[in-house]
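Visitor: Below: one structure in structure tokens.
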Amino acid sequence: MTAPAQHDTDGTAGIAPGTTLAKALNRALHDEMSHDDRVVVFGEDVGRLGGVFRVTDGLAARFGEQRCFDTPVAESAILGMAIGMAMYGLRPVVEMQFDAFAYPAFEQLASHLAKMRNRTRGAVSLPVVVRVPYGGGIGGVEHHSDSSEAYAAHTPGLHVLTPGTVEDAYGMLRAAVRGADPVVFFEPKRLYWSVADVALPTEVEPVGRAVIRRAGTHATLVAYGPTVPIALAAAELGAAEGYDLEVIDLRSLVPFDEQTVHESVRRTGRAIVVHEASGFAGFGAEVVARICEECFHHLEAPVRRVTGFDIPYPPPRLERFHLPSVDRVLDAVSSLWRDQ
Amino acid sequence: MTAPAQHDTDGTAGIAPGTTLAKALNRALHDEMSHDDRVVVFGEDVGRLGGVFRVTDGLAARFGEQRCFDTPVAESAILGMAIGMAMYGLRPVVEMQFDAFAYPAFEQLASHLAKMRNRTRGAVSLPVVVRVPYGGGIGGVEHHSDSSEAYAAHTPGLHVLTPGTVEDAYGMLRAAVRGADPVVFFEPKRLYWSVADVALPTEVEPVGRAVIRRAGTHATLVAYGPTVPIALAAAELGAAEGYDLEVIDLRSLVPFDEQTVHESVRRTGRAIVVHEASGFAGFGAEVVARICEECFHHLEAPVRRVTGFDIPYPPPRLERFHLPSVDRVLDAVSSLWRDQ
Amino acid sequence: MATTDQTGHVRSSYDVRSPRSPVEPPARSAGAPETVDLATSLAAYRAMVVGRRFDIQATALAKQGSLSVYPSSYGQEACQVGVVLALRATDWFFPTYRDSVAVVTRGVDPVETLTLLTGDWHCGYDPMASRTAPHCTPLATQAPHAVGLALAARCVGDDTVALALCGDGATSEGDFHEALNLAAVRAAPVVFVVQNNGYAISVPFAKQTRATSLADRAAGYRMPGVRVDGNDLLAVHSAVTAAVDRARGGRGPTLIEAVTYRIAPHTNADDPSRYRDAAEVERWRGHDPIRRLAAHLRRHGVLDDDLQLRIDADAESFADRTRRGVRGRPAPDPADLFAHVYAAPTQQLAGQARQLAAEIAASAGPEETS
Amino acid sequence: MATTDQTGHVRSSYDVRSPRSPVEPPARSAGAPETVDLATSLAAYRAMVVGRRFDIQATALAKQGSLSVYPSSYGQEACQVGVVLALRATDWFFPTYRDSVAVVTRGVDPVETLTLLTGDWHCGYDPMASRTAPHCTPLATQAPHAVGLALAARCVGDDTVALALCGDGATSEGDFHEALNLAAVRAAPVVFVVQNNGYAISVPFAKQTRATSLADRAAGYRMPGVRVDGNDLLAVHSAVTAAVDRARGGRGPTLIEAVTYRIAPHTNADDPSRYRDAAEVERWRGHDPIRRLAAHLRRHGVLDDDLQLRIDADAESFADRTRRGVRGRPAPDPADLFAHVYAAPTQQLAGQARQLAAEIAASAGPEETS
Ligand SMILES: Cc1ncc(C[n+]2csc(CCOP(=O)(O)OP(=O)(O)O)c2C)c(N)n1
Ligand SMILES: Cc1ncc(C[n+]2csc(CCOP(=O)(O)OP(=O)(O)O)c2C)c(N)n1
Ligand SMILES: [Mg+2]
Ligand SMILES: [Mg+2]
């Protein structure tokens, strides 16, 4: 998808050690706003406050109220305004304060943002990025921990991205901002404070490719966003138990990189999909269904899902029982051999 | 789920031959409003006009403006009002005029209707039925032919029903109205005018069970709502070509009756899921994933999906290219043997 | 035609409709303001006559099955034309499904205007070229688009104004409120014009809101609210022109309620006899906006029988061009289904496009498929 | 304290806040109306003192980590109490996350009131028993619930009134508009009270809307709009009582804007220094609603030092009960996660419940899981 990879000259030199994912996103917005004045950022509390997660910290001060501003609390109008701005050539990046608070904008998302290019036979493109902090694990009260990626992924016309690492948070957000298509950019809340000592990439890679985070031969773990670290931890522990596990970070749910997934599963013959959203009719179902359709004759065992339960997101004191854990992933791994 | 089966005495004797699905729904609402004064019906144009599909025809005249009335054009408030009424003990049935026009109510649906019982540990139940005319095939212009069942099915706390026959339209709607849980009731638009000469059931059966509409031994076709007649037609034609196809009508997506599906697939060893919504992350993915998880060792071939393309719903003059057709189902059927 | 009160609130000098009673036609418009010169008025008249003839033609095409559906604006021509003629070519216009006459008045090709309704595609014209958004069907959802576009234009230093039309029914939607509040607080160069034609399909105005005037909503956002006789071209045009100038001058948004009437059914598929009586329609026919403007122009001697004949002839040929264009148009290409979902199709879409192409090739022709 | 204009619009006699300037405290409330008798005023005072002490305790528990988060209503006690005391036990109350003081004033157990915030469960009290809806977090979404409940009550012949609270920020949401319009057109027995505390998290009122008073929104729905000094218990209570009587009497809904100030951060997690200066907060501390009511009661000789001591002691013991209750409460039961999703769990949920139970049994205890 999106912009051709291009070298970028404006201040994306390596960044101080100990960058958090939230800071990497902030830096990505900063760098894209410097790179292109058509990029504007707005939403609830993104201006002076810098966003409740500080992802937009300093942008209003640096680029002025015209390019980074607070809106009234009206999500449908926020997204609708972004659509109108994009029609006039701007590249809006809007923040939905928490996943569940993007729901009031659902009509604008499904009936306009996703359809405008198609409706106008390509005459009107909407390069809008909708940033959605999603998922749980941060002790949020109800409505603050939903995972709504499946709704977006089932809506043709939207690109759906979710980073699982600090580097990707930076690189994928920059690519999303440069893209020609609307992107719903799901940010794993509980990774906002995860730290990496990395020089952020200076190239903006086109997105849409999954990446193998760990090579393995016994089984393939497919994860994205908040479950990437869990899958990697499970692979580490699994190694001690003699399992050589491959870990794929999807990064992009739409476009969906089936080559990387299928090629891996054809090698390993076994797969587990790990995500935080409820399993029923969740995104994992699509991954499992495709694997079964395309890798049928290579499968040694049924593909398993390790997901959240089919329940409303739990209250803070109970969320740990709901979230996919390393233990659950390893239980699923051993089950891949049990039923033969 | 829902109400215990109970015999019903108020005027549900057999009904004139040539009942359409729309008339059966109208009769179901009439009979439930007679049976229980707590049942109220409202929405856009449901009063004097009787609804754009005439499903509420005559209800305002028969039961008065207090129990069947027109609302302002405000879907979120329509559903929100229904929630408040249900909190006070009423049993509201609301109509969303067309599938895509239910989107403004998405927040009320996902954050309140689906969650209230859970949030209050069962203290507050919301017996609300949200009627959604869905799907295409009627030459509707954009936004009039969406299939949004996957969004509802991925939202824990909602029951999701969709009838595929005139009898079920009547029986399932009555059961939905009597249920204790919120129901999103998807009505296949293009079957509204389909006719059956049937005596409507006088028993209200609890819903939640799939039904085998046609027994077969070679492969299982899983369909629901608008694709049930297509699957049956394909089975008829397939018989001529020597395929003995079983056809399952899911009827209830949530709760999902996996016994009936899995038991069938274990017998036939082959399955195809047919629905009208876009395939990607659609409800069919869940059906395929479960079959692969639970029937893995019985499968003779990969499970296939015959669905709408991953595109915004087409304009009237092109929709026939998008809709799952008997031909496509039969092509998929033969492919079940091809790749061995 | 109007007086201003201290809240900057302009009200028409007559009460168009008593709240709970069935809609009543407006009293005669008390003398048109001199702000609309005769040349403009004549141009508007021509566009209204052509527009109505186009509307009648489209309705006929719908009856004949050449259109899937057609929502007529018969009787609303003063709004359809008065609004569009107040805009510059560089301004942006956001119409609804009801506003095809406004779209052709904007200069969009009549056949391209009807593409949504022929069912060939969702939008047939190029919004960028015509600065006219696609007909919007989800009610009120275009209002925030207009606000955003207006703010974007100001942001890049253009003096573009955005104007959004909607109906009385749409004003009950949340998006209408969110858009007006946002426009006011950011002083967006946008104008909202509500065609209050008395009905949201079958639901009369009095069942949609307790308000007697939608212009009263404006006060809640501290923007001017104007109510005009929507069947009076001069009233509509002068009010919209003033609002557009105000927006262009950086003085922020305006809400205009134009009180009119939907003479035709909601669409050709609707049966209005279920919810309104013929007498009401007849009363409103007596306030035909075209006849009213014709009388004004004849009074001022700029319209005579000769000119009327020429205008009618133009209308005929426009209708003829529309009919022939709709009848003669090529069949839509199924390949378009996949070409514009994204800037570049995903591999899955590319595969689906190949599958359909193969099916079509294999079949004796499109007719046989499905 | 207020005057009525022809639109049935009640405005406070002072302008609480100039539109674009930083929030300003209200001028002294011009003499309280005699409609609030001293017994009620004293009961309200007691509830406000107890409520504030409870709020301070909850904030402390949040700092100590016993609550996941706490949104304080410190300084808004006149609204929290004045509103609730205007309701009958049979009326329904729809609070937001900000309104825990109102909920305990309603008589709900303090520990159950805090369940949402301890994170044990989403709602800790029984809404049916207390006729108090769960704290609502999605802004303005409870407003249509209140309308529906009020209409349902009328439909079955009860004289129940529903009252919904929301904040200034919530009034920008579509649901707020849809609910008010619906309530007015159906003359629902409902009252909407907006606590305008000057901020939506970091966004000051003047950046949320161009309106200078939210009461002005009412005119757009042809319902009365009332603006009161939200730090004046007598003003709040009398205005709400009048609106509740009006609703109960079948005369329809009322919108009340109570102008107050959020002295505390948005929640304990917020850093207000980023968006407002301490001086502003200090100015508002000078208009403390409790001190104001105390002076009034002492003036009328119904409050003296002895009584104050007894009220403070009651407040202490309530806080103590709250603290001990929160500290001593049992751990929530994971089985609840599956028990209430539906009236009867689906077979899939039953299986998931068994899986979790097995995991917990297998593990040395909940701590080890995950
Ligand atoms: C969000 C949404 N809800 C419902 C509909 C269905 N619908 C189409 S037109 C209409 C009535 C609109 O009335 P009004 O706004 O007055 O416009 P008019 O048709 O009178 O021009 C309705 C309810 C829709 N198009 N969009
Ligand atoms: C629909 C929705 N959008 C966004 C949020 C996030 N949020 C929580 S509180 C808040 C500000 C609300 O301000 P106001 O209504 O004035 O209430 P206050 O907190 O001042 O009492 C926001 C934006 C939300 N809870 N719900
Ligand atoms: Mg109308
Ligand atoms: Mg506030």
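Here, A, B, ... name the chains of the structure tokens in the order displayed, residue numbers run from 1 inside each chain, and ligands are numbered from 1 in the same displayed order.
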At a cut-off of 9 Å, using only C-alpha atoms, what residues contact Phe296 of chain A? Leave out same-chain residues fewer than 3 positions from it and give the result as a list in words.

Guide: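 Once the adjacent positions are removed, what remains is Arg266, Ile291, Cys292, Glu293, Leu299 and Glu300 of chain A; Ala301, Pro302 and Val303 of chain B.
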
Visitor: If the cut-off is 8 Å, can you tell me the residues of chain D near chain A, counting only C-alpha atoms? I'd like them as JSON, numbers by chain.

Guide: {"D": [68, 116, 117, 118, 119, 120, 121, 122, 137, 138, 169, 170, 172, 173, 174, 200, 201, 202, 203, 207, 208, 209, 274, 275, 332, 334, 337, 338, 341, 349, 352, 356, 369, 370]}

Visitor: Please, which residues of segment 21-198 of chain A, numbered as in this document, come out helix (DSSP H, G or I) from DSSP, as number ranges by chain?

Guide: A: 21-35, 59-63, 75-87, 99-113, 116-119, 149-153, 166-178, 189-191

Visitor: Would you mind telling me which residue in D:Ala243, D:Cys166, D:Ala335, D:Ala184 lies nearest to ligand 4 when using only C-alpha atoms and all ligand atoms?

Guide: D:Cys166

Visitor: Residues at most 8 Å from ligand 3, using only C-alpha atoms and all ligand atoms? Could they come as a list in words?

Guide: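 These are the residues that qualify: Gly167, Asp168, Gly169, Ala170, Gln195, Asn196, Asn197, Gly198, Tyr199, Ala200, Ile201, Phe205, Tyr261 and Arg262 of chain C.
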
Visitor: Given only C-alpha atoms and all ligand atoms, how would the per-residue table for chain B near ligand 2 read, listing every residue at most 12 Å away with its closest atom pair and distance in Å to one decimal, sorted by chain and number, as a tab-separated table?

Guide:
```
residue	atom	partner	partner_atom_place_in_ligand_line	distance
B:Phe106	CA	ligand 2	1 (C)	11.5
B:Glu107	CA	ligand 2	1 (C)	8.2
B:Gln108	CA	ligand 2	1 (C)	10.3
B:Ser111	CA	ligand 2	1 (C)	9.8
B:His112	CA	ligand 2	1 (C)	11.9
```

Visitor: List the spatial neighbours of Pro133 of chain A as a list in words - criterion: any atom at most 9 Å away, only C-alpha atoms, same-chain residues fewer than 6 positions off excluded.

Guide: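 Listing them by chain and then by number gives Phe53, Glu95, Met96, Gln97, Phe98, Asp99, Ser145, Phe185, Phe186, Glu187, Pro188 and Lys189 of chain A.
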
Visitor: Atoms to include: N, CA and C atoms. Write the selected residues as a PDB file, in the first residue's frame.

Guide:
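Ended up saving to part-v9.pdb:
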```pdb
ATOM      1  N   PHE A  53      -2.433   9.944  26.623  1.00  0.00           N
ATOM      2  CA  PHE A  53      -1.240   9.089  26.650  1.00  0.00           C
ATOM      3  C   PHE A  53       0.006   9.848  26.184  1.00  0.00           C
ATOM      4  N   GLU A  95      -7.157  11.373  16.708  1.00  0.00           N
ATOM      5  CA  GLU A  95      -7.030  10.443  17.839  1.00  0.00           C
ATOM      6  C   GLU A  95      -8.402  10.168  18.425  1.00  0.00           C
ATOM      7  N   MET A  96      -8.722   8.889  18.563  1.00  0.00           N
ATOM      8  CA  MET A  96      -9.888   8.483  19.339  1.00  0.00           C
ATOM      9  C   MET A  96      -9.334   8.161  20.728  1.00  0.00           C
ATOM     10  N   GLN A  97      -9.881   8.808  21.759  1.00  0.00           N
ATOM     11  CA  GLN A  97      -9.180   8.764  23.049  1.00  0.00           C
ATOM     12  C   GLN A  97      -9.012   7.344  23.595  1.00  0.00           C
ATOM     13  N   PHE A  98     -10.056   6.543  23.460  1.00  0.00           N
ATOM     14  CA  PHE A  98      -9.983   5.122  23.805  1.00  0.00           C
ATOM     15  C   PHE A  98     -10.835   4.371  22.790  1.00  0.00           C
ATOM     16  N   ASP A  99     -10.470   3.111  22.569  1.00  0.00           N
ATOM     17  CA  ASP A  99     -11.148   2.259  21.582  1.00  0.00           C
ATOM     18  C   ASP A  99     -12.665   2.412  21.584  1.00  0.00           C
ATOM     19  N   SER A 145     -10.872  -0.602  27.395  1.00  0.00           N
ATOM     20  CA  SER A 145      -9.948  -1.696  27.053  1.00  0.00           C
ATOM     21  C   SER A 145     -10.439  -2.562  25.903  1.00  0.00           C
ATOM     22  N   PHE A 185      -5.346   2.882  12.759  1.00  0.00           N
ATOM     23  CA  PHE A 185      -4.050   2.554  13.351  1.00  0.00           C
ATOM     24  C   PHE A 185      -4.271   2.192  14.817  1.00  0.00           C
ATOM     25  N   PHE A 186      -4.265   0.897  15.093  1.00  0.00           N
ATOM     26  CA  PHE A 186      -4.544   0.417  16.453  1.00  0.00           C
ATOM     27  C   PHE A 186      -3.255   0.380  17.268  1.00  0.00           C
ATOM     28  N   GLU A 187      -3.238   1.176  18.342  1.00  0.00           N
ATOM     29  CA  GLU A 187      -2.051   1.274  19.188  1.00  0.00           C
ATOM     30  C   GLU A 187      -2.261   0.476  20.470  1.00  0.00           C
ATOM     31  N   PRO A 188      -1.431  -0.534  20.704  1.00  0.00           N
ATOM     32  CA  PRO A 188      -1.610  -1.369  21.902  1.00  0.00           C
ATOM     33  C   PRO A 188      -1.292  -0.559  23.161  1.00  0.00           C
ATOM     34  N   LYS A 189      -2.352  -0.194  23.884  1.00  0.00           N
ATOM     35  CA  LYS A 189      -2.182   0.670  25.062  1.00  0.00           C
ATOM     36  C   LYS A 189      -1.117   0.163  26.009  1.00  0.00           C
TER      37      LYS A 189
END
```

Visitor: Would you return as a ChimeraX atom specification the members of segment 87-249 of chain C that DSSP assigns to strand (DSSP E) on this structure's backbone?

Guide: /C:92-94,162-167,190-196,199-200,203-204,225-229

Visitor: Quick check: residues of chain D within 8 Å of chain C, only C-alpha atoms, returned as a short mmCIF file (atom, residue, chain, number, x, y, z; two decimals) with N, CA and C atoms, in the first residue's frame.

Guide:
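Saved as selection12.cif:
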```
data_model
loop_
_atom_site.label_atom_id
_atom_site.label_comp_id
_atom_site.auth_asym_id
_atom_site.auth_seq_id
_atom_site.Cartn_x
_atom_site.Cartn_y
_atom_site.Cartn_z
N SER D 172 -21.52 18.26 23.64
CA SER D 172 -21.11 18.33 22.23
C SER D 172 -21.40 17.04 21.48
N GLU D 173 -21.77 15.99 22.19
CA GLU D 173 -22.02 14.69 21.57
C GLU D 173 -23.39 14.65 20.89
N GLY D 174 -23.48 13.90 19.83
CA GLY D 174 -24.75 13.74 19.13
C GLY D 174 -25.87 13.21 20.00
N ASP D 175 -25.54 12.29 20.90
CA ASP D 175 -26.59 11.71 21.74
C ASP D 175 -27.29 12.75 22.61
N PHE D 176 -26.56 13.78 23.02
CA PHE D 176 -27.17 14.82 23.84
C PHE D 176 -28.29 15.50 23.05
N HIS D 177 -27.97 15.86 21.84
CA HIS D 177 -28.95 16.51 20.95
C HIS D 177 -30.13 15.59 20.65
N GLU D 178 -29.84 14.38 20.28
CA GLU D 178 -30.92 13.45 19.92
C GLU D 178 -31.86 13.23 21.09
N ASN D 181 -34.05 16.45 21.78
CA ASN D 181 -35.09 16.64 20.76
C ASN D 181 -36.21 15.62 20.94
N LEU D 182 -35.80 14.38 21.19
CA LEU D 182 -36.77 13.30 21.39
C LEU D 182 -37.62 13.56 22.63
N ALA D 184 -38.35 16.37 24.02
CA ALA D 184 -39.27 17.49 23.83
C ALA D 184 -40.45 17.10 22.95
N VAL D 185 -40.17 16.41 21.85
CA VAL D 185 -41.26 16.12 20.92
C VAL D 185 -42.25 15.12 21.52
N ALA D 206 -14.88 27.37 26.55
CA ALA D 206 -14.88 28.26 25.38
C ALA D 206 -14.34 27.58 24.13
N LYS D 207 -13.60 26.48 24.29
CA LYS D 207 -13.12 25.74 23.11
C LYS D 207 -14.05 24.60 22.73
N GLN D 208 -15.05 24.38 23.56
CA GLN D 208 -16.01 23.31 23.26
C GLN D 208 -17.19 23.81 22.46
N THR D 209 -17.54 25.04 22.69
CA THR D 209 -18.71 25.60 22.01
C THR D 209 -18.59 27.10 21.98
N ARG D 210 -19.23 27.72 21.01
CA ARG D 210 -19.23 29.18 20.96
C ARG D 210 -20.34 29.74 21.86
N ALA D 211 -21.27 28.86 22.24
CA ALA D 211 -22.37 29.33 23.09
C ALA D 211 -21.81 29.86 24.41
N THR D 212 -22.47 30.88 24.95
CA THR D 212 -22.04 31.39 26.26
C THR D 212 -22.82 30.69 27.36
N SER D 213 -23.97 30.13 27.01
CA SER D 213 -24.74 29.35 27.98
C SER D 213 -25.31 28.11 27.30
N LEU D 214 -25.17 26.98 27.96
CA LEU D 214 -25.74 25.74 27.41
C LEU D 214 -27.25 25.75 27.53
N ALA D 215 -27.77 26.60 28.39
CA ALA D 215 -29.23 26.70 28.51
C ALA D 215 -29.83 27.20 27.20
N ASP D 216 -29.03 27.91 26.42
CA ASP D 216 -29.52 28.41 25.12
C ASP D 216 -29.86 27.28 24.15
N ARG D 217 -29.30 26.09 24.42
CA ARG D 217 -29.63 24.97 23.54
C ARG D 217 -31.12 24.62 23.62
N ALA D 218 -31.71 24.89 24.77
CA ALA D 218 -33.09 24.45 25.00
C ALA D 218 -34.07 25.05 23.99
N ALA D 219 -33.84 26.30 23.62
CA ALA D 219 -34.77 26.99 22.72
C ALA D 219 -34.92 26.23 21.40
N GLY D 220 -33.85 25.59 20.96
CA GLY D 220 -33.89 24.86 19.70
C GLY D 220 -34.83 23.67 19.72
N TYR D 221 -35.19 23.24 20.93
CA TYR D 221 -36.13 22.11 21.08
C TYR D 221 -37.46 22.59 21.66
N ARG D 222 -37.56 23.89 21.84
CA ARG D 222 -38.74 24.50 22.48
C ARG D 222 -39.02 23.85 23.83
#
```

Visitor: Go ahead and compute the interatomic distance for atom CA of Val103 of chain C and atom CA of Leu38 of chain C, in Å to one decimal.

Guide: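 Atom CA of Leu38 of chain C lies 23.0 Å from atom CA of Val103 of chain C.
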
Visitor: Please compute the atom CA of Ala242 of chain C-atom CA of Asp91 of chain C distance, one decimal, in Å.

Guide: 14.7 Å
